[in-house]
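To be precise, the following lines are target23.cif, and they hold mmCIF, C-alpha atoms and all ligand atoms.
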```cif
data_run
loop_
_atom_site.label_atom_id
_atom_site.label_comp_id
_atom_site.auth_asym_id
_atom_site.auth_seq_id
_atom_site.Cartn_x
_atom_site.Cartn_y
_atom_site.Cartn_z
CA MET J 1 0.00 0.00 0.00
CA ASP J 2 1.38 3.37 -1.00
CA ARG J 3 0.54 5.85 1.75
CA ASN J 4 1.16 8.74 -0.61
CA VAL J 5 -1.59 7.75 -2.99
CA THR J 6 -5.28 7.60 -2.13
CA SER J 7 -7.71 6.72 -4.84
CA TYR J 8 -11.42 6.29 -5.16
CA ARG J 9 -13.97 5.71 -7.89
CA VAL J 10 -17.41 7.13 -8.53
CA ASP J 11 -19.93 5.59 -10.91
CA ALA J 12 -21.78 7.50 -13.65
CA SER J 13 -24.18 8.95 -11.06
CA ASP J 14 -21.34 10.17 -8.77
CA ARG J 15 -21.86 7.45 -6.20
CA ILE J 16 -18.64 6.33 -4.48
CA VAL J 17 -18.16 2.72 -5.49
CA GLY J 18 -14.53 2.06 -4.56
CA ALA J 19 -11.68 3.39 -2.43
CA SER J 20 -8.07 2.31 -1.94
CA ASP J 21 -6.71 0.69 1.24
CA SER J 22 -4.91 3.92 2.06
CA TRP J 23 -8.26 5.67 2.46
CA ASP J 24 -8.65 4.86 6.17
CA VAL J 25 -5.11 5.97 7.02
CA PHE J 26 -5.73 9.25 5.27
CA ALA J 27 -9.06 9.80 7.05
CA VAL J 28 -7.46 9.32 10.47
CA GLU J 29 -4.55 11.64 9.65
CA ASN J 30 -7.06 14.28 8.65
CA LYS J 31 -8.99 13.93 11.88
CA ALA J 32 -11.95 12.45 10.08
CA PRO J 33 -11.83 8.88 11.44
CA GLN J 34 -15.61 8.68 11.05
CA LEU J 35 -15.13 8.76 7.28
CA THR J 36 -13.90 5.20 6.94
CA ARG J 37 -13.95 3.51 3.61
CA GLU J 38 -16.92 1.46 4.72
CA ASP J 39 -18.87 4.63 5.59
CA VAL J 40 -18.23 6.47 2.33
CA LEU J 41 -18.91 3.59 -0.05
CA GLY J 42 -22.33 3.92 -1.65
CA ARG J 43 -22.66 7.61 -0.79
CA GLN J 44 -22.74 10.57 -3.14
CA LEU J 45 -19.41 12.29 -3.78
CA TRP J 46 -21.19 15.63 -3.24
CA ASP J 47 -21.91 14.80 0.40
CA PHE J 48 -18.21 15.36 1.06
CA ILE J 49 -17.57 18.57 -0.87
CA ASP J 50 -18.22 21.75 1.08
CA GLY J 51 -19.31 24.99 -0.51
CA SER J 52 -21.66 25.59 -3.43
CA GLU J 53 -19.03 27.37 -5.56
CA THR J 54 -16.57 24.52 -5.08
CA ARG J 55 -19.22 21.98 -5.98
CA HIS J 56 -20.17 23.98 -9.04
CA VAL J 57 -16.61 24.14 -10.41
CA PHE J 58 -15.99 20.51 -9.57
CA ARG J 59 -19.19 19.46 -11.35
CA LEU J 60 -18.08 21.33 -14.45
CA MET J 61 -14.73 19.55 -14.38
CA LEU J 62 -16.33 16.15 -14.04
CA SER J 63 -18.76 16.70 -16.87
CA ARG J 64 -15.94 17.90 -19.15
CA ALA J 65 -13.79 14.93 -18.15
CA ARG J 66 -16.63 12.55 -18.96
CA ALA J 67 -17.34 14.22 -22.29
CA SER J 68 -13.70 14.29 -23.43
CA LEU J 69 -12.48 11.08 -21.77
CA SER J 70 -9.18 12.77 -21.09
CA VAL J 71 -7.26 12.96 -17.83
CA MET J 72 -7.19 16.23 -15.84
CA LYS J 73 -4.67 17.09 -13.16
CA VAL J 74 -5.55 19.53 -10.42
CA PRO J 75 -3.15 20.68 -7.70
CA PHE J 76 -4.75 21.20 -4.31
CA ARG J 77 -3.96 21.45 -0.63
CA CYS J 78 -5.27 19.00 1.92
CA ASP J 79 -3.87 20.39 5.14
CA SER J 80 -4.33 18.98 8.59
CA PRO J 81 -3.83 21.30 11.58
CA GLU J 82 -0.15 20.36 11.95
CA THR J 83 0.77 19.59 8.32
CA ARG J 84 0.75 21.46 5.05
CA ARG J 85 -0.02 18.83 2.47
CA PHE J 86 0.56 19.64 -1.20
CA MET J 87 -1.41 17.24 -3.34
CA GLU J 88 -2.36 16.54 -6.88
CA MET J 89 -5.61 15.02 -8.01
CA GLU J 90 -5.82 13.13 -11.24
CA ILE J 91 -9.30 12.84 -12.67
CA ARG J 92 -9.40 9.77 -14.90
CA PRO J 93 -12.69 9.29 -16.73
CA LEU J 94 -13.66 5.81 -17.91
CA PRO J 95 -15.85 5.00 -20.92
CA ASP J 96 -18.80 3.79 -18.78
CA GLY J 97 -19.15 7.21 -17.10
CA SER J 98 -17.35 6.27 -13.92
CA ILE J 99 -14.33 8.29 -12.82
CA ASP J 100 -11.19 7.34 -10.92
CA PHE J 101 -9.71 9.98 -8.65
CA VAL J 102 -6.07 9.44 -7.82
CA CYS J 103 -4.77 11.80 -5.15
CA THR J 104 -1.02 11.88 -4.67
CA THR J 105 0.82 13.68 -1.89
CA ARG J 106 3.68 15.56 -3.55
CA LYS J 107 5.12 17.24 -0.47
CA THR J 108 4.35 17.73 3.21
CA GLU J 109 5.63 20.36 5.63
CA ALA J 110 5.21 20.29 9.39
CA ARG J 111 4.02 23.44 11.12
CA THR J 112 2.78 24.72 14.44
CA PRO J 113 -0.76 23.31 14.71
CA VAL J 114 -3.38 25.69 13.37
CA ALA J 115 -6.48 25.47 15.53
CA PHE J 116 -8.49 27.23 12.84
CA ILE J 117 -8.69 24.08 10.73
CA ASP J 118 -8.90 21.65 13.65
CA PRO J 119 -12.41 20.16 13.57
CA ASP J 120 -12.26 19.52 17.32
CA VAL J 121 -12.03 23.11 18.53
CA ASP J 122 -14.82 25.37 19.74
CA ARG J 123 -15.88 28.14 17.36
CA SER J 124 -16.92 31.74 17.72
CA ASN J 125 -19.87 33.07 15.73
CA GLU J 126 -17.63 34.84 13.25
CA TRP J 127 -17.26 33.37 9.76
CA ARG J 128 -14.27 33.24 7.41
CA THR J 129 -14.12 31.82 3.91
CA ILE J 130 -11.38 29.32 3.14
CA CYS J 131 -10.54 28.30 -0.45
CA SER J 132 -11.27 24.59 -0.95
CA TRP J 133 -8.32 24.27 -3.32
CA CYS J 134 -5.39 26.18 -1.83
CA LYS J 135 -6.64 26.55 1.76
CA ARG J 136 -5.97 30.27 1.75
CA VAL J 137 -8.27 32.44 3.85
CA LYS J 138 -10.23 35.47 2.70
CA MET J 139 -9.16 38.48 4.73
CA PRO J 140 -11.36 41.40 5.81
CA GLY J 141 -9.83 43.51 2.99
CA GLY J 142 -10.87 40.91 0.39
CA GLU J 143 -7.38 39.51 -0.32
CA TRP J 144 -6.54 35.83 0.21
CA ALA J 145 -3.80 34.94 2.70
CA GLU J 146 -1.90 31.73 3.43
CA LEU J 147 -3.32 30.02 6.49
CA GLU J 148 -0.37 30.91 8.75
CA GLU J 149 -0.46 34.51 7.68
CA ALA J 150 -4.20 34.67 8.26
CA VAL J 151 -3.75 33.19 11.72
CA ARG J 152 -1.19 35.86 12.53
CA ARG J 153 -3.06 38.79 11.05
CA LEU J 154 -6.44 37.84 12.47
CA ASP J 155 -4.87 37.04 15.82
CA LEU J 156 -6.29 33.53 15.76
CA PHE J 157 -3.53 32.43 18.12
CA GLY J 158 -5.02 34.49 20.92
CA SER J 159 -7.24 32.97 23.55
CA LYS J 160 -10.24 33.84 21.40
CA LYS J 161 -12.17 31.00 19.82
CA PRO J 162 -11.37 30.65 16.11
CA PRO J 163 -14.02 31.69 13.58
CA ARG J 164 -16.22 29.25 11.72
CA MET J 165 -15.19 28.27 8.23
CA SER J 166 -17.14 28.37 5.03
CA HIS J 167 -15.67 26.90 1.86
CA GLY J 168 -15.29 28.83 -1.35
CA ILE J 169 -12.87 29.24 -4.23
CA CYS J 170 -10.34 32.06 -4.55
CA PRO J 171 -9.97 34.03 -7.84
CA ASP J 172 -6.63 32.31 -8.64
CA ASP J 173 -8.08 28.84 -8.41
CA LEU J 174 -11.23 29.84 -10.22
CA GLU J 175 -9.05 31.11 -13.06
CA ARG J 176 -6.95 27.96 -13.05
CA ALA J 177 -10.08 25.81 -13.19
CA ALA J 178 -11.39 27.90 -16.08
CA ARG J 179 -8.06 27.50 -17.93
CA GLU J 180 -8.09 23.75 -17.35
CA LEU J 181 -11.63 23.54 -18.69
CA ASP J 182 -10.70 25.74 -21.64
CA ALA J 183 -7.68 23.58 -22.55
CA GLU J 184 -9.93 20.56 -22.35
CA GLU J 185 -12.40 22.15 -24.73
CA LYS J 186 -9.66 22.99 -27.26
CA ALA J 187 -8.18 19.49 -27.12
CA LYS J 188 -11.64 18.12 -27.78
CA GLY J 189 -12.09 20.47 -30.74
CA LYS J 190 -8.82 19.26 -32.27
CA ALA J 191 -9.64 15.59 -31.75
CA ALA J 192 -13.08 15.99 -33.38
ZN ZN O 201 -7.42 29.03 -3.79
#
```

Would you mind writing the file's structure down as structure tokens?
Ligand SMILES: [Zn+2]
Amino acid sequence: MDRNVTSYRVDASDRIVGASDSWDVFAVENKAPQLTREDVLGRQLWDFIDGSETRHVFRLMLSRARASLSVMKVPFRCDSPETRRFMEMEIRPLPDGSIDFVCTTRKTEARTPVAFIDPDVDRSNEWRTICSWCKRVKMPGGEWAELEEAVRRLDLFGSKKPPRMSHGICPDDLERAARELDAEEKAKGKAA
């Protein structure tokens, strides 16, 4: 079992129909031990994707992947409170409408635990948006800051409870997704 690779498969109706052995290890490391392989099998992929914008972009990618039958690669971050995890997701469509997702950890960096993304901590009633892709946080001025910088600037290290999180997509990742979809479209045009 390769701990750096976690893969799963959805069928043509986005139901999770398979997951690799490394799934459970990954779930525990991400403080989501309740999401065992056994629990996620048979459920809709969309149950696990937070944020309507993120779901919208992801749906677009999946429908393009299915239509073109070509592989897409998407970099993303899957941080846990004490680790920055740089990952890449390969979206591999299959002719029957199912899709394999292969998520590879490219690099990890240890850091001082960030309570903001720890699911176990108590929350204040304040809300902050975090980008589902790069895990940057939207600041009061509208710019997007790396998690550590956001923690420092918003004084999330203080004794205050951290804010609640809502998931969104930052302009950089939205643009990247659009480019990826555009490239896909052009490749399809050439092949036709
Ligand atoms: Zn982002």

What is the distance, in Å and to one decimal place, between CA of Pro93 (chain J) and CA of Arg66 (chain J)?
5.6 Å

Neighbours of ligand ZN 201 (chain O) within 6 Å, counting all atoms listed in the file, as a list in words?
Cys131, Trp133, Cys134, Arg136, Ile169, Cys170, Asp172 and Asp173 of chain J

What would the file look like if the residues just selected were written as a PDB file, in the coordinates of the input with C-alpha atoms?
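Final output, saved to again_25.pdb:
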```
ATOM      1  CA  CYS J 131     -10.540  28.300  -0.450  1.00  0.00           C
ATOM      2  CA  TRP J 133      -8.320  24.270  -3.320  1.00  0.00           C
ATOM      3  CA  CYS J 134      -5.390  26.180  -1.830  1.00  0.00           C
ATOM      4  CA  ARG J 136      -5.970  30.270   1.750  1.00  0.00           C
ATOM      5  CA  ILE J 169     -12.870  29.240  -4.230  1.00  0.00           C
ATOM      6  CA  CYS J 170     -10.340  32.060  -4.550  1.00  0.00           C
ATOM      7  CA  ASP J 172      -6.630  32.310  -8.640  1.00  0.00           C
ATOM      8  CA  ASP J 173      -8.080  28.840  -8.410  1.00  0.00           C
TER       9      ASP J 173
END
```

Which one is closest to Arg152 (chain J): J:Asp182, J:Ile16, J:Thr36, J:Thr112? Count all atoms listed in the file.
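For Arg152 (chain J), the nearest of the candidates is J:Thr112.
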
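Counting all atoms listed in the file and comparing J:Glu126, J:Arg77, J:Lys107, J:Leu174, the residue that lies closest to Leu147 (chain J) is J:Arg77.
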
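Taking CA of Ser132 (chain J) as the reference point, CA of Leu94 (chain J) is found at 25.4 Å.
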
Would you work out the distance separating CA of Gly168 (chain J) from CA of Ser52 (chain J), expressed in Å to one decimal?
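Distance between the two atoms: 7.4 Å.
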
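Among the candidates J:Val102, J:Leu69, J:Leu62, J:Ala115, the residue lying nearest to Tyr8 (chain J) is J:Val102 (atoms considered: only C-alpha atoms).
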
I'd like the box whose edges run along x, y and z of the file and which contains every listed atom of region 32-37 of chain J, padded by 3 Å per side; could you state its centre and edge lengths in Å, one decimal, as lines of an AutoDock Vina configuration file?
```
center_x = -13.7
center_y = 8.0
center_z = 7.5
size_x = 9.8
size_y = 14.9
size_z = 13.8
```

Near Thr108 (chain J), within 9 Å and counting only C-alpha atoms, which residues show up once chain neighbours fewer than 4 positions away are dropped, as an MDAnalysis selection string?
chainID J and resid 79 83:87

With distances taken over only C-alpha atoms, which residue among J:Lys31, J:Arg64, J:Arg55, J:Arg43 lies nearest Ala187 (chain J)?
J:Arg64

Could you pull the residues within 9 Å of Arg123 (chain J), counting only C-alpha atoms, minus those fewer than 4 positions along the same chain, as number ranges by chain?
J: 116, 160-164

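With distances restricted to all atoms listed in the file, J:Ile130 is the closest residue to Asp50 (chain J) from J:Ile130, J:Ala183, J:Ala178, J:Val151.
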
From the set J:Val28, J:Ala150, J:Met61, J:Val137, which residue has the shortest atom-to-atom contact distance to Pro171 (chain J), counting all atoms listed in the file?
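Selected residue with least distance to Pro171 (chain J): J:Val137.
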